[in-house]
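**Student:** What follows is start_5.csv, CSV, C-alpha atoms.
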chain,number,residue,atom,x,y,z
Y,1392,MET,CA,37.7,-2.5,20.3
Y,1393,THR,CA,41.1,-1.1,21.1
Y,1394,ALA,CA,41.8,2.5,22.0
Y,1395,GLY,CA,44.0,2.8,18.9
Y,1396,ARG,CA,41.2,1.7,16.6
Y,1397,CYS,CA,38.8,4.0,18.3
Y,1398,ARG,CA,41.0,6.9,17.6
Y,1399,VAL,CA,41.4,5.9,14.0
Y,1400,SER,CA,37.6,5.8,13.4
Y,1401,ALA,CA,37.2,9.0,15.2
Y,1402,VAL,CA,39.8,10.6,12.9
Y,1403,ALA,CA,38.1,9.0,9.9
Y,1404,ALA,CA,34.8,10.5,11.0
Y,1405,LEU,CA,36.4,13.9,11.4
Y,1406,VAL,CA,37.9,13.7,8.0
Y,1407,LEU,CA,34.5,12.7,6.5
Y,1408,VAL,CA,32.9,15.7,8.1
Y,1409,ALA,CA,35.7,18.0,7.1
Y,1410,SER,CA,35.8,16.7,3.5
Y,1411,GLY,CA,32.2,17.5,2.6
Y,1412,CYS,CA,29.5,16.8,5.1
Y,1413,ALA,CA,29.9,20.2,6.8
Y,1414,LYS,CA,29.5,22.1,3.6
Y,1415,PRO,CA,28.1,20.6,0.4
Y,1416,ALA,CA,30.7,20.4,-2.3
Y,1417,PRO,CA,29.9,22.8,-5.2
Y,1418,GLN,CA,30.6,20.2,-7.9
Y,1419,PRO,CA,29.7,16.7,-6.6
Y,1420,VAL,CA,31.4,13.9,-8.4
Y,1421,GLN,CA,28.2,11.8,-8.7
Y,1422,ALA,CA,24.9,13.2,-9.8
Y,1423,PRO,CA,22.8,13.8,-6.7
Y,1424,VAL,CA,19.9,11.5,-6.1
Y,1425,ARG,CA,16.8,13.3,-7.2
Y,1426,ASP,CA,13.2,12.5,-6.3
Y,1427,ARG,CA,10.2,13.8,-8.1
Y,1428,VAL,CA,6.8,13.6,-6.4
Y,1429,VAL,CA,3.5,14.3,-8.2
Y,1430,LEU,CA,0.0,14.5,-6.8
Y,1431,ALA,CA,-2.4,12.9,-9.3
Y,1432,ALA,CA,-6.2,12.7,-9.3
Y,1433,ASP,CA,-7.7,9.5,-8.1
Y,1434,PRO,CA,-7.9,7.1,-11.1
Y,1435,GLU,CA,-11.6,6.3,-10.5
Y,1436,THR,CA,-13.2,9.2,-8.6
Y,1437,GLY,CA,-11.0,12.0,-9.9
Y,1438,GLU,CA,-10.7,13.3,-6.4
Y,1439,VAL,CA,-7.4,15.1,-5.5
Y,1440,GLY,CA,-6.0,14.4,-2.0
Y,1441,ARG,CA,-2.9,15.8,-0.4
Y,1442,VAL,CA,0.7,14.7,-0.2
Y,1443,THR,CA,3.5,16.0,2.0
Y,1444,VAL,CA,7.2,15.6,1.0
Y,1445,THR,CA,9.7,15.9,3.9
Y,1446,THR,CA,13.5,15.9,3.7
Y,1447,PRO,CA,16.1,16.9,6.3
Y,1448,GLY,CA,16.1,20.3,4.5
Y,1449,GLY,CA,12.4,21.1,4.6
Y,1450,GLN,CA,8.8,20.1,3.8
Y,1451,VAL,CA,6.4,20.8,1.0
Y,1452,GLU,CA,2.7,20.0,0.6
Y,1453,LEU,CA,1.1,19.2,-2.7
Y,1454,ALA,CA,-2.6,19.8,-2.8
Y,1455,GLU,CA,-3.5,20.4,-6.4
Y,1456,ARG,CA,-3.9,18.0,-9.3
Y,1457,GLY,CA,-0.5,17.6,-11.1
Y,1458,ALA,CA,1.4,19.6,-8.5
Y,1459,SER,CA,5.0,18.3,-8.3
Y,1460,THR,CA,8.1,18.9,-6.3
Y,1461,THR,CA,11.7,17.9,-6.9
Y,1462,VAL,CA,14.3,16.9,-4.2
Y,1463,THR,CA,18.0,17.0,-4.7
Y,1464,SER,CA,20.1,15.0,-2.4
Y,1465,GLY,CA,20.3,16.8,1.0
Y,1466,GLY,CA,18.2,19.7,-0.2
Y,1467,ALA,CA,14.7,20.9,0.6
Y,1468,PRO,CA,11.9,20.0,-1.7
Y,1469,THR,CA,11.2,22.7,-4.3
Y,1470,PRO,CA,8.0,24.7,-4.1
Y,1471,PRO,CA,5.1,23.0,-5.8
Y,1472,SER,CA,4.9,23.5,-9.6
Y,1473,PRO,CA,2.6,21.9,-12.1
Y,1474,MET,CA,3.9,18.9,-14.1
Y,1475,SER,CA,2.5,18.5,-17.6
Y,1476,ASP,CA,0.5,15.5,-18.5
Y,1477,ALA,CA,3.1,14.7,-21.1
Y,1478,ASP,CA,5.9,14.7,-18.5
Y,1479,ILE,CA,3.7,12.6,-16.2
Y,1480,GLN,CA,3.2,10.1,-19.0
Y,1481,GLN,CA,6.9,10.1,-19.8
Y,1482,LEU,CA,8.0,9.4,-16.2
Y,1483,PHE,CA,5.1,7.3,-15.0
Y,1484,GLY,CA,3.4,5.9,-18.1
Y,1485,ALA,CA,4.7,2.4,-17.6
Y,1486,ALA,CA,3.8,2.3,-14.0
Y,1487,LEU,CA,0.3,3.8,-14.6
Y,1488,ALA,CA,-0.3,1.4,-17.5
Y,1489,VAL,CA,-0.4,-1.7,-15.1
Y,1490,GLN,CA,-2.2,0.0,-12.3
Y,1491,PRO,CA,-4.9,-2.4,-11.0
Y,1492,PRO,CA,-8.5,-1.2,-11.0
Y,1493,ALA,CA,-10.0,-0.1,-7.6
Y,1494,ALA,CA,-11.6,-2.7,-5.3
Y,1495,ARG,CA,-15.4,-2.9,-5.7
Y,1496,ARG,CA,-17.7,-3.1,-2.8
Y,1497,PHE,CA,-21.2,-4.6,-2.7
Y,1498,GLU,CA,-23.8,-4.6,0.1
Y,1499,LEU,CA,-26.2,-7.5,0.1
Y,1500,TYR,CA,-29.3,-7.3,2.4
Y,1501,PHE,CA,-31.1,-10.0,4.3
Y,1502,GLU,CA,-34.6,-10.7,5.6
Y,1503,THR,CA,-34.9,-10.4,9.3
Y,1504,GLY,CA,-33.6,-13.1,11.6
Y,1505,GLY,CA,-32.0,-15.5,9.1
Y,1506,ASP,CA,-29.8,-16.0,6.1
Y,1507,THR,CA,-32.4,-15.3,3.3
Y,1508,LEU,CA,-31.3,-12.6,0.9
Y,1509,THR,CA,-33.9,-9.9,0.0
Y,1510,ALA,CA,-35.2,-10.2,-3.5
Y,1511,ASP,CA,-33.3,-7.1,-4.6
Y,1512,SER,CA,-30.0,-8.4,-3.2
Y,1513,LYS,CA,-30.6,-11.8,-4.7
Y,1514,ALA,CA,-30.9,-10.1,-8.1
Y,1515,GLN,CA,-27.6,-8.4,-7.4
Y,1516,VAL,CA,-25.6,-11.6,-6.8
Y,1517,PRO,CA,-24.8,-12.1,-10.5
Y,1518,ASP,CA,-23.2,-8.6,-10.6
Y,1519,VAL,CA,-20.9,-9.7,-7.7
Y,1520,LEU,CA,-19.9,-12.9,-9.5
Y,1521,ALA,CA,-19.3,-10.9,-12.7
Y,1522,ALA,CA,-17.1,-8.5,-10.8
Y,1523,VAL,CA,-15.0,-11.4,-9.5
Y,1524,LYS,CA,-14.7,-13.0,-12.8
Y,1525,SER,CA,-13.7,-9.8,-14.6
Y,1526,ARG,CA,-10.6,-9.5,-12.4
Y,1527,VAL,CA,-7.1,-10.7,-12.7
Y,1528,ALA,CA,-6.1,-12.7,-9.6
Y,1529,PRO,CA,-9.3,-11.8,-7.6
Y,1530,GLU,CA,-9.5,-11.9,-3.9
Y,1531,VAL,CA,-12.8,-11.4,-2.0
Y,1532,SER,CA,-13.6,-10.4,1.6
Y,1533,VAL,CA,-17.0,-11.2,2.9
Y,1534,ILE,CA,-18.2,-9.6,6.2
Y,1535,GLY,CA,-21.5,-10.5,7.8
Y,1536,HIS,CA,-23.5,-7.9,9.8
Y,1537,THR,CA,-26.8,-8.0,11.7
Y,1538,ASP,CA,-29.2,-5.5,13.2
Y,1539,THR,CA,-29.4,-5.2,17.0
Y,1540,THR,CA,-32.4,-7.6,17.4
Y,1541,GLY,CA,-31.5,-10.4,19.8
Y,1542,ALA,CA,-28.3,-11.1,21.8
Y,1543,ALA,CA,-24.9,-9.9,20.6
Y,1544,GLU,CA,-23.4,-13.3,20.6
Y,1545,ALA,CA,-26.2,-14.9,18.6
Y,1546,ASN,CA,-25.8,-12.0,16.1
Y,1547,VAL,CA,-22.1,-12.8,15.6
Y,1548,ALA,CA,-23.2,-16.3,14.7
Y,1549,LEU,CA,-25.9,-15.0,12.4
Y,1550,GLY,CA,-23.6,-12.6,10.7
Y,1551,LEU,CA,-21.2,-15.6,10.0
Y,1552,ARG,CA,-24.1,-17.6,8.6
Y,1553,ARG,CA,-25.0,-14.8,6.2
Y,1554,ALA,CA,-21.3,-14.4,5.2
Y,1555,THR,CA,-20.9,-18.1,4.7
Y,1556,LEU,CA,-24.0,-18.2,2.4
Y,1557,ILE,CA,-22.4,-15.6,0.2
Y,1558,ARG,CA,-19.0,-17.4,0.3
Y,1559,ASP,CA,-20.7,-20.6,-0.8
Y,1560,LEU,CA,-22.2,-18.8,-3.8
Y,1561,LEU,CA,-18.7,-17.5,-4.8
Y,1562,LEU,CA,-17.2,-21.0,-4.4
Y,1563,GLN,CA,-20.1,-22.5,-6.5
Y,1564,ALA,CA,-19.2,-19.9,-9.2
Y,1565,GLY,CA,-15.7,-21.4,-9.3
Y,1566,LEU,CA,-13.6,-19.2,-6.9
Y,1567,ASP,CA,-10.9,-20.9,-5.0
Y,1568,ALA,CA,-11.7,-21.1,-1.2
Y,1569,SER,CA,-8.2,-19.8,-0.4
Y,1570,LEU,CA,-9.1,-16.5,-2.1
Y,1571,VAL,CA,-12.2,-15.8,0.1
Y,1572,ASP,CA,-12.0,-14.3,3.6
Y,1573,VAL,CA,-15.1,-14.7,5.7
Y,1574,ALA,CA,-15.7,-12.7,8.9
Y,1575,SER,CA,-18.6,-11.6,11.1
Y,1576,HIS,CA,-19.0,-8.3,12.9
Y,1577,GLY,CA,-22.4,-9.3,14.3
Y,1578,GLU,CA,-24.1,-6.1,15.6
Y,1579,SER,CA,-20.9,-4.3,16.4
Y,1580,ASN,CA,-20.5,-2.4,13.1
Y,1581,LEU,CA,-23.9,-0.9,12.3
Y,1582,LEU,CA,-24.5,0.9,9.0
Y,1583,VAL,CA,-27.4,2.8,10.7
Y,1584,GLN,CA,-27.0,3.5,14.4
Y,1585,THR,CA,-29.9,2.2,16.4
Y,1586,PRO,CA,-30.7,1.4,20.0
Y,1587,ASP,CA,-30.5,-2.3,21.1
Y,1588,ASN,CA,-33.2,-4.7,19.9
Y,1589,THR,CA,-34.1,-2.6,16.9
Y,1590,ALA,CA,-35.0,-4.2,13.6
Y,1591,GLU,CA,-33.3,-2.2,10.8
Y,1592,ALA,CA,-33.1,-3.6,7.3
Y,1593,ARG,CA,-30.0,-1.7,6.3
Y,1594,ASN,CA,-28.0,-3.3,9.1
Y,1595,ARG,CA,-28.8,-6.8,8.0
Y,1596,ARG,CA,-26.2,-7.0,5.4
Y,1597,VAL,CA,-23.1,-8.7,4.0
Y,1598,GLU,CA,-20.4,-6.5,2.8
Y,1599,VAL,CA,-18.5,-8.0,-0.2
Y,1600,THR,CA,-15.3,-6.5,-1.3
Y,1601,VAL,CA,-13.8,-7.7,-4.5
Y,1602,ARG,CA,-10.1,-6.8,-4.9
K,800,MET,CA,28.2,7.6,0.0
K,801,ALA,CA,29.0,7.7,3.6
K,802,CYS,CA,28.2,11.3,3.6
K,803,ALA,CA,24.8,10.7,2.1
K,804,ILE,CA,24.0,8.2,4.8
K,805,LEU,CA,25.2,10.6,7.5
K,806,ARG,CA,23.1,13.3,6.1
K,807,ARG,CA,20.0,11.1,6.0
K,808,GLY,CA,20.8,10.6,9.6
K,809,PRO,CA,18.8,7.4,10.2
K,810,ALA,CA,21.3,4.8,11.4
K,811,ALA,CA,18.3,3.8,13.4
K,812,ALA,CA,16.1,3.6,10.3
K,813,LEU,CA,18.8,1.4,8.6
K,814,GLY,CA,18.8,-0.8,11.7
K,815,LEU,CA,15.0,-1.1,11.6
K,816,TRP,CA,15.1,-1.9,7.9
K,817,LEU,CA,17.6,-4.7,8.6
K,818,LEU,CA,15.4,-6.0,11.4
K,819,LEU,CA,12.3,-6.0,9.3
K,820,ALA,CA,14.1,-7.5,6.3
K,821,ALA,CA,15.4,-10.3,8.5
K,822,ALA,CA,12.2,-10.9,10.4
K,823,PRO,CA,10.7,-13.6,8.2
K,824,LEU,CA,13.8,-15.8,8.6
K,825,SER,CA,13.1,-16.3,12.2
K,826,ALA,CA,9.3,-15.8,12.4
K,827,GLN,CA,6.6,-18.1,11.1
K,828,ALA,CA,5.3,-17.4,7.6
K,829,PRO,CA,3.8,-13.9,7.9
K,830,PRO,CA,0.2,-13.3,6.7
K,831,ALA,CA,-0.2,-12.4,3.1
K,832,ALA,CA,0.0,-8.6,2.4
K,833,GLY,CA,-1.4,-8.7,-1.1
K,834,ARG,CA,-1.1,-10.3,-4.6
K,835,VAL,CA,0.6,-9.5,-7.9
K,836,LYS,CA,-2.0,-8.1,-10.3
K,837,ALA,CA,0.3,-7.5,-13.3
K,838,ALA,CA,3.8,-8.6,-14.2
K,839,VAL,CA,5.4,-7.6,-17.5
K,840,GLY,CA,8.9,-8.3,-18.8
K,841,ALA,CA,11.7,-8.7,-16.2
K,842,ALA,CA,9.8,-8.5,-12.8
K,843,SER,CA,10.7,-10.4,-9.7
K,844,ILE,CA,10.0,-10.6,-6.0
K,845,VAL,CA,13.0,-10.7,-3.7
K,846,ARG,CA,12.3,-12.5,-0.5
K,847,ASN,CA,15.0,-13.4,2.1
K,848,GLY,CA,17.6,-12.4,-0.4
K,849,GLN,CA,16.3,-14.7,-3.2
K,850,ALA,CA,14.7,-13.4,-6.3
K,851,VAL,CA,11.8,-15.3,-7.7
K,852,PRO,CA,10.0,-14.3,-11.0
K,853,ALA,CA,6.8,-12.4,-10.2
K,854,ALA,CA,3.8,-14.0,-11.7
K,855,VAL,CA,0.2,-12.8,-11.7
K,856,GLY,CA,-1.6,-14.1,-8.6
K,857,GLU,CA,1.7,-14.5,-6.6
K,858,VAL,CA,1.3,-13.7,-2.9
K,859,VAL,CA,3.3,-10.8,-1.6
K,860,TYR,CA,4.4,-10.5,2.0
K,861,ALA,CA,5.6,-7.7,4.2
K,862,SER,CA,9.3,-7.2,3.8
K,863,ASP,CA,9.2,-8.4,0.2
K,864,VAL,CA,11.1,-6.3,-2.4
K,865,LEU,CA,9.5,-5.8,-5.9
K,866,ARG,CA,12.1,-5.4,-8.6
K,867,THR,CA,11.9,-4.8,-12.4
K,868,GLY,CA,14.5,-4.8,-15.1
K,869,ARG,CA,14.7,-2.5,-18.2
K,870,ASP,CA,11.5,-3.8,-19.8
K,871,GLY,CA,9.7,-4.6,-16.5
K,872,GLN,CA,6.4,-3.5,-15.0
K,873,LEU,CA,4.8,-4.9,-11.8
K,874,ALA,CA,1.6,-4.2,-10.0
K,875,VAL,CA,0.3,-5.3,-6.6
K,876,MET,CA,-3.0,-4.9,-4.8
K,877,LEU,CA,-2.6,-5.0,-1.0
K,878,LYS,CA,-5.2,-6.4,1.4
K,879,ASP,CA,-6.3,-2.9,2.4
K,880,GLU,CA,-7.0,-2.1,-1.2
K,881,SER,CA,-3.8,0.0,-1.6
K,882,ARG,CA,-2.4,-0.3,-5.1
K,883,LEU,CA,1.3,-0.2,-6.0
K,884,SER,CA,2.6,-0.3,-9.5
K,885,ILE,CA,6.2,0.2,-10.7
K,886,GLY,CA,7.7,0.9,-14.1
K,887,PRO,CA,11.0,-0.3,-15.5
K,888,ASP,CA,14.3,-0.4,-13.6
K,889,SER,CA,12.5,0.0,-10.3
K,890,GLU,CA,13.0,-1.4,-6.8
K,891,LEU,CA,10.3,-1.1,-4.1
K,892,ALA,CA,10.4,-2.6,-0.7
K,893,LEU,CA,7.2,-3.3,1.2
K,894,ALA,CA,8.9,-2.4,4.4
K,895,THR,CA,5.9,-2.5,6.8
K,896,PHE,CA,2.4,-3.8,6.3
K,897,ALA,CA,-0.2,-4.3,9.0
K,898,TYR,CA,-3.9,-4.4,8.3
K,899,ALA,CA,-6.0,-5.6,11.3
K,900,PRO,CA,-8.6,-2.9,11.8
K,901,ALA,CA,-10.3,-4.8,14.6
K,902,GLU,CA,-7.1,-4.7,16.6
K,903,ASN,CA,-6.3,-1.2,15.4
K,904,GLN,CA,-3.1,-2.4,13.8
K,905,LEU,CA,-2.7,-0.4,10.7
K,906,ALA,CA,0.6,0.5,9.0
K,907,LEU,CA,2.0,0.8,5.5
K,908,VAL,CA,5.5,1.8,4.7
K,909,VAL,CA,6.9,1.3,1.2
K,910,ARG,CA,10.4,2.3,0.2
K,911,LEU,CA,11.3,3.2,-3.4
K,912,THR,CA,15.0,3.0,-3.9
K,913,ARG,CA,14.9,3.6,-7.7
K,914,GLY,CA,12.5,3.9,-10.5
K,915,ALA,CA,8.9,5.0,-10.8
K,916,LEU,CA,6.0,4.2,-8.5
K,917,ALA,CA,2.3,4.9,-8.9
K,918,PHE,CA,0.6,4.6,-5.5
K,919,VAL,CA,-3.2,4.7,-4.8
K,920,SER,CA,-3.9,4.6,-1.1
K,921,GLY,CA,-6.5,2.2,0.4
K,922,ARG,CA,-8.3,1.5,3.7
K,923,ILE,CA,-5.3,2.1,6.0
K,924,ALA,CA,-5.0,5.7,4.7
K,925,LYS,CA,-8.8,6.2,5.2
K,926,LEU,CA,-8.7,4.8,8.8
K,927,MET,CA,-5.3,6.2,9.9
K,928,PRO,CA,-3.8,8.5,7.3
K,929,GLU,CA,-0.6,9.2,9.4
K,930,SER,CA,0.3,5.5,9.3
K,931,VAL,CA,0.9,5.5,5.5
K,932,ARG,CA,4.3,6.5,4.4
K,933,LEU,CA,6.3,6.3,1.2
K,934,GLU,CA,10.0,6.6,1.6
K,935,THR,CA,12.9,7.3,-0.8
K,936,PRO,CA,16.6,7.5,0.0
K,937,THR,CA,16.1,11.3,0.4
K,938,SER,CA,12.5,11.9,1.3
K,939,VAL,CA,9.6,10.8,3.4
K,940,ILE,CA,6.2,11.2,1.6
K,941,GLY,CA,2.9,11.3,3.5
K,942,VAL,CA,-0.1,10.4,1.5
K,943,ARG,CA,-3.5,11.7,2.6
K,944,GLY,CA,-5.5,10.5,-0.3
K,945,THR,CA,-5.1,9.0,-2.7
K,946,HIS,CA,-2.9,9.0,-5.8
K,947,ALA,CA,0.8,9.9,-5.7
K,948,LEU,CA,3.5,9.4,-8.2
K,949,VAL,CA,7.2,9.1,-7.1
K,950,LYS,CA,10.3,8.8,-9.2
K,951,VAL,CA,13.7,8.2,-7.8
K,952,ASP,CA,16.8,8.7,-10.0
K,953,ALA,CA,19.5,6.7,-8.4
K,954,PRO,CA,23.0,8.2,-8.6
Could you write out this structure as structure tokens?

**Tutor:**
Amino acid sequence: MTAGRCRVSAVAALVLVASGCAKPAPQPVQAPVRDRVVLAADPETGEVGRVTVTTPGGQVELAERGASTTVTSGGAPTPPSPMSDADIQQLFGAALAVQPPAARRFELYFETGGDTLTADSKAQVPDVLAAVKSRVAPEVSVIGHTDTTGAAEANVALGLRRATLIRDLLLQAGLDASLVDVASHGESNLLVQTPDNTAEARNRRVEVTVR
Amino acid sequence: MACAILRRGPAAALGLWLLLAAAPLSAQAPPAAGRVKAAVGAASIVRNGQAVPAAVGEVVYASDVLRTGRDGQLAVMLKDESRLSIGPDSELALATFAYAPAENQLALVVRLTRGALAFVSGRIAKLMPESVRLETPTSVIGVRGTHALVKVDAP
């Protein structure tokens, strides 16, 4: 870049700063970008979490159901104020109308040392299949777990056998193999913490998540 | 316009965005980030600068942009169980998505440039809340559970 061009862009930058960046113009030609942020209750559990909105001008935290803030270009977020359900519906109704249902999780338990489902869990398999079939474009993650009986390496293999058994049930029910992820955590992700070499029925499980 | 960019400050953020947007061109096909769960009216996925119609079941990747027209609605479920749905005249970039809990790689950044977004956080927000971020041209929104609504009125 030549020195001349450098000077020109420096001057241009100065003009920019002088013409409006230093102090906001009172009457902007274009309407400023405005954000509205609302904290809503969880669609399934009804729980209300927390949201922070940060701009170069400041930060606001929303912590109550329906609390909202508005951001004008370059300004700080306004203090939280409640947005009516009618306004929420007007602004977000279309987005909310197509919101997918929450993922569902199932825990299936196994007899010790092998890949035989307990009677209770076997009876639950149809529920899992029904959950898959009720969904649009379902995806399933299947993770096998063991208790701490036996060697850790053998338990990774056992967890995989358990997960594979459940995967095969899903495939038999018509789910495409590309939509099922299978993994094993062996004894590394205990539901109930135990010492090594401890039989614990609640740790001998396959976690099925239907998305 | 130049003023707005200067005020936002992040020439660096813009650079990062370009980098992320360009990444799939050079890299191998990235792992799937999620799937389309609903598509109504004019709804498309913009990938590497090309818009393809969004259909239910379509795979969505990190750096994809979801776009709807005047009568459009579009919803995606991500691998970490986060749910994104947008209303008409909306544009949402899935800027960053990493979900590998075993490797402790967890990140979700989505950028709404216009329109309406309903966001329900998933596993990433449970495991590492600070790594979930919604961005607009003017704001950065941190979501610590679970359901946030964001509307951007473009100038």

**Student:** Using all atoms listed in the file, give me every residue within 9 Å of (0.5, 6.1, 0.0) in file coordinates, as a list in words.

**Tutor:**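 The distance filter leaves exactly Val1442 of chain Y; Ser881, Arg882, Leu883, Leu907, Val908, Val909, Phe918, Val919, Ser920, Gly921, Ala924, Pro928, Val931, Arg932, Leu933, Ile940, Gly941, Val942, Arg943, Gly944, Thr945, His946 and Ala947 of chain K.
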
**Student:** Neighbouring residues of K:Val855 were defined as those with any atom within 7 Å, considering all atoms listed in the file; residues of the same chain fewer than 5 positions away were excluded. Please report them as a VMD selection string.

**Tutor:** (chain Y and resid 1528) or (chain K and resid 835 to 838)

**Student:** Would you mind telling me which residue in K:Ala831, K:Met876, K:Ala842, K:Leu905 lies nearest to chain Y when using all atoms listed in the file?

**Tutor:** K:Met876

**Student:** Between K:Lys878, K:Arg866, K:Lys925, K:Arg910, which is the closest to chain Y once you count all atoms listed in the file?

**Tutor:** K:Lys878

**Student:** Provide the atom CA of Y:Val1489 to atom CA of Y:Gly1437 distance in Å, to one decimal place.

**Tutor:** 18.1 Å

**Student:** Need to verify the contact set: Y:Leu1487, 10 Å, only C-alpha atoms, exclusion of same-chain residues closer than 6 positions in sequence. Can you return it as a ChimeraX atom specification?

**Tutor:** /Y:1434,1479-1480 /K:872,874,883-886,915-918,948

**Student:** Just need the residues of chain Y within 9 Å of chain K, counting all atoms listed in the file, so spit them out as an MDAnalysis selection string.

**Tutor:** chainID Y and resid 1407:1408 1411:1412 1421:1434 1438:1447 1462:1466 1468 1479 1482:1494 1526:1530 1602

**Student:** Can you spit out the residues from that selection as a PDB file, in the frame of the given file, using C-alpha atoms?

**Tutor:**
ATOM      1  CA  LEU Y1407      34.500  12.700   6.500  1.00  0.00           C
ATOM      2  CA  VAL Y1408      32.900  15.700   8.100  1.00  0.00           C
ATOM      3  CA  GLY Y1411      32.200  17.500   2.600  1.00  0.00           C
ATOM      4  CA  CYS Y1412      29.500  16.800   5.100  1.00  0.00           C
ATOM      5  CA  GLN Y1421      28.200  11.800  -8.700  1.00  0.00           C
ATOM      6  CA  ALA Y1422      24.900  13.200  -9.800  1.00  0.00           C
ATOM      7  CA  PRO Y1423      22.800  13.800  -6.700  1.00  0.00           C
ATOM      8  CA  VAL Y1424      19.900  11.500  -6.100  1.00  0.00           C
ATOM      9  CA  ARG Y1425      16.800  13.300  -7.200  1.00  0.00           C
ATOM     10  CA  ASP Y1426      13.200  12.500  -6.300  1.00  0.00           C
ATOM     11  CA  ARG Y1427      10.200  13.800  -8.100  1.00  0.00           C
ATOM     12  CA  VAL Y1428       6.800  13.600  -6.400  1.00  0.00           C
ATOM     13  CA  VAL Y1429       3.500  14.300  -8.200  1.00  0.00           C
ATOM     14  CA  LEU Y1430       0.000  14.500  -6.800  1.00  0.00           C
ATOM     15  CA  ALA Y1431      -2.400  12.900  -9.300  1.00  0.00           C
ATOM     16  CA  ALA Y1432      -6.200  12.700  -9.300  1.00  0.00           C
ATOM     17  CA  ASP Y1433      -7.700   9.500  -8.100  1.00  0.00           C
ATOM     18  CA  PRO Y1434      -7.900   7.100 -11.100  1.00  0.00           C
ATOM     19  CA  GLU Y1438     -10.700  13.300  -6.400  1.00  0.00           C
ATOM     20  CA  VAL Y1439      -7.400  15.100  -5.500  1.00  0.00           C
ATOM     21  CA  GLY Y1440      -6.000  14.400  -2.000  1.00  0.00           C
ATOM     22  CA  ARG Y1441      -2.900  15.800  -0.400  1.00  0.00           C
ATOM     23  CA  VAL Y1442       0.700  14.700  -0.200  1.00  0.00           C
ATOM     24  CA  THR Y1443       3.500  16.000   2.000  1.00  0.00           C
ATOM     25  CA  VAL Y1444       7.200  15.600   1.000  1.00  0.00           C
ATOM     26  CA  THR Y1445       9.700  15.900   3.900  1.00  0.00           C
ATOM     27  CA  THR Y1446      13.500  15.900   3.700  1.00  0.00           C
ATOM     28  CA  PRO Y1447      16.100  16.900   6.300  1.00  0.00           C
ATOM     29  CA  VAL Y1462      14.300  16.900  -4.200  1.00  0.00           C
ATOM     30  CA  THR Y1463      18.000  17.000  -4.700  1.00  0.00           C
ATOM     31  CA  SER Y1464      20.100  15.000  -2.400  1.00  0.00           C
ATOM     32  CA  GLY Y1465      20.300  16.800   1.000  1.00  0.00           C
ATOM     33  CA  GLY Y1466      18.200  19.700  -0.200  1.00  0.00           C
ATOM     34  CA  PRO Y1468      11.900  20.000  -1.700  1.00  0.00           C
ATOM     35  CA  ILE Y1479       3.700  12.600 -16.200  1.00  0.00           C
ATOM     36  CA  LEU Y1482       8.000   9.400 -16.200  1.00  0.00           C
ATOM     37  CA  PHE Y1483       5.100   7.300 -15.000  1.00  0.00           C
ATOM     38  CA  GLY Y1484       3.400   5.900 -18.100  1.00  0.00           C
ATOM     39  CA  ALA Y1485       4.700   2.400 -17.600  1.00  0.00           C
ATOM     40  CA  ALA Y1486       3.800   2.300 -14.000  1.00  0.00           C
ATOM     41  CA  LEU Y1487       0.300   3.800 -14.600  1.00  0.00           C
ATOM     42  CA  ALA Y1488      -0.300   1.400 -17.500  1.00  0.00           C
ATOM     43  CA  VAL Y1489      -0.400  -1.700 -15.100  1.00  0.00           C
ATOM     44  CA  GLN Y1490      -2.200   0.000 -12.300  1.00  0.00           C
ATOM     45  CA  PRO Y1491      -4.900  -2.400 -11.000  1.00  0.00           C
ATOM     46  CA  PRO Y1492      -8.500  -1.200 -11.000  1.00  0.00           C
ATOM     47  CA  ALA Y1493     -10.000  -0.100  -7.600  1.00  0.00           C
ATOM     48  CA  ALA Y1494     -11.600  -2.700  -5.300  1.00  0.00           C
ATOM     49  CA  ARG Y1526     -10.600  -9.500 -12.400  1.00  0.00           C
ATOM     50  CA  VAL Y1527      -7.100 -10.700 -12.700  1.00  0.00           C
ATOM     51  CA  ALA Y1528      -6.100 -12.700  -9.600  1.00  0.00           C
ATOM     52  CA  PRO Y1529      -9.300 -11.800  -7.600  1.00  0.00           C
ATOM     53  CA  GLU Y1530      -9.500 -11.900  -3.900  1.00  0.00           C
ATOM     54  CA  ARG Y1602     -10.100  -6.800  -4.900  1.00  0.00           C
TER      55      ARG Y1602
END

**Student:** Interatomic distance between atom CA of Y:Ser1532 and atom CA of Y:Ala1568?

**Tutor:** 11.2 Å
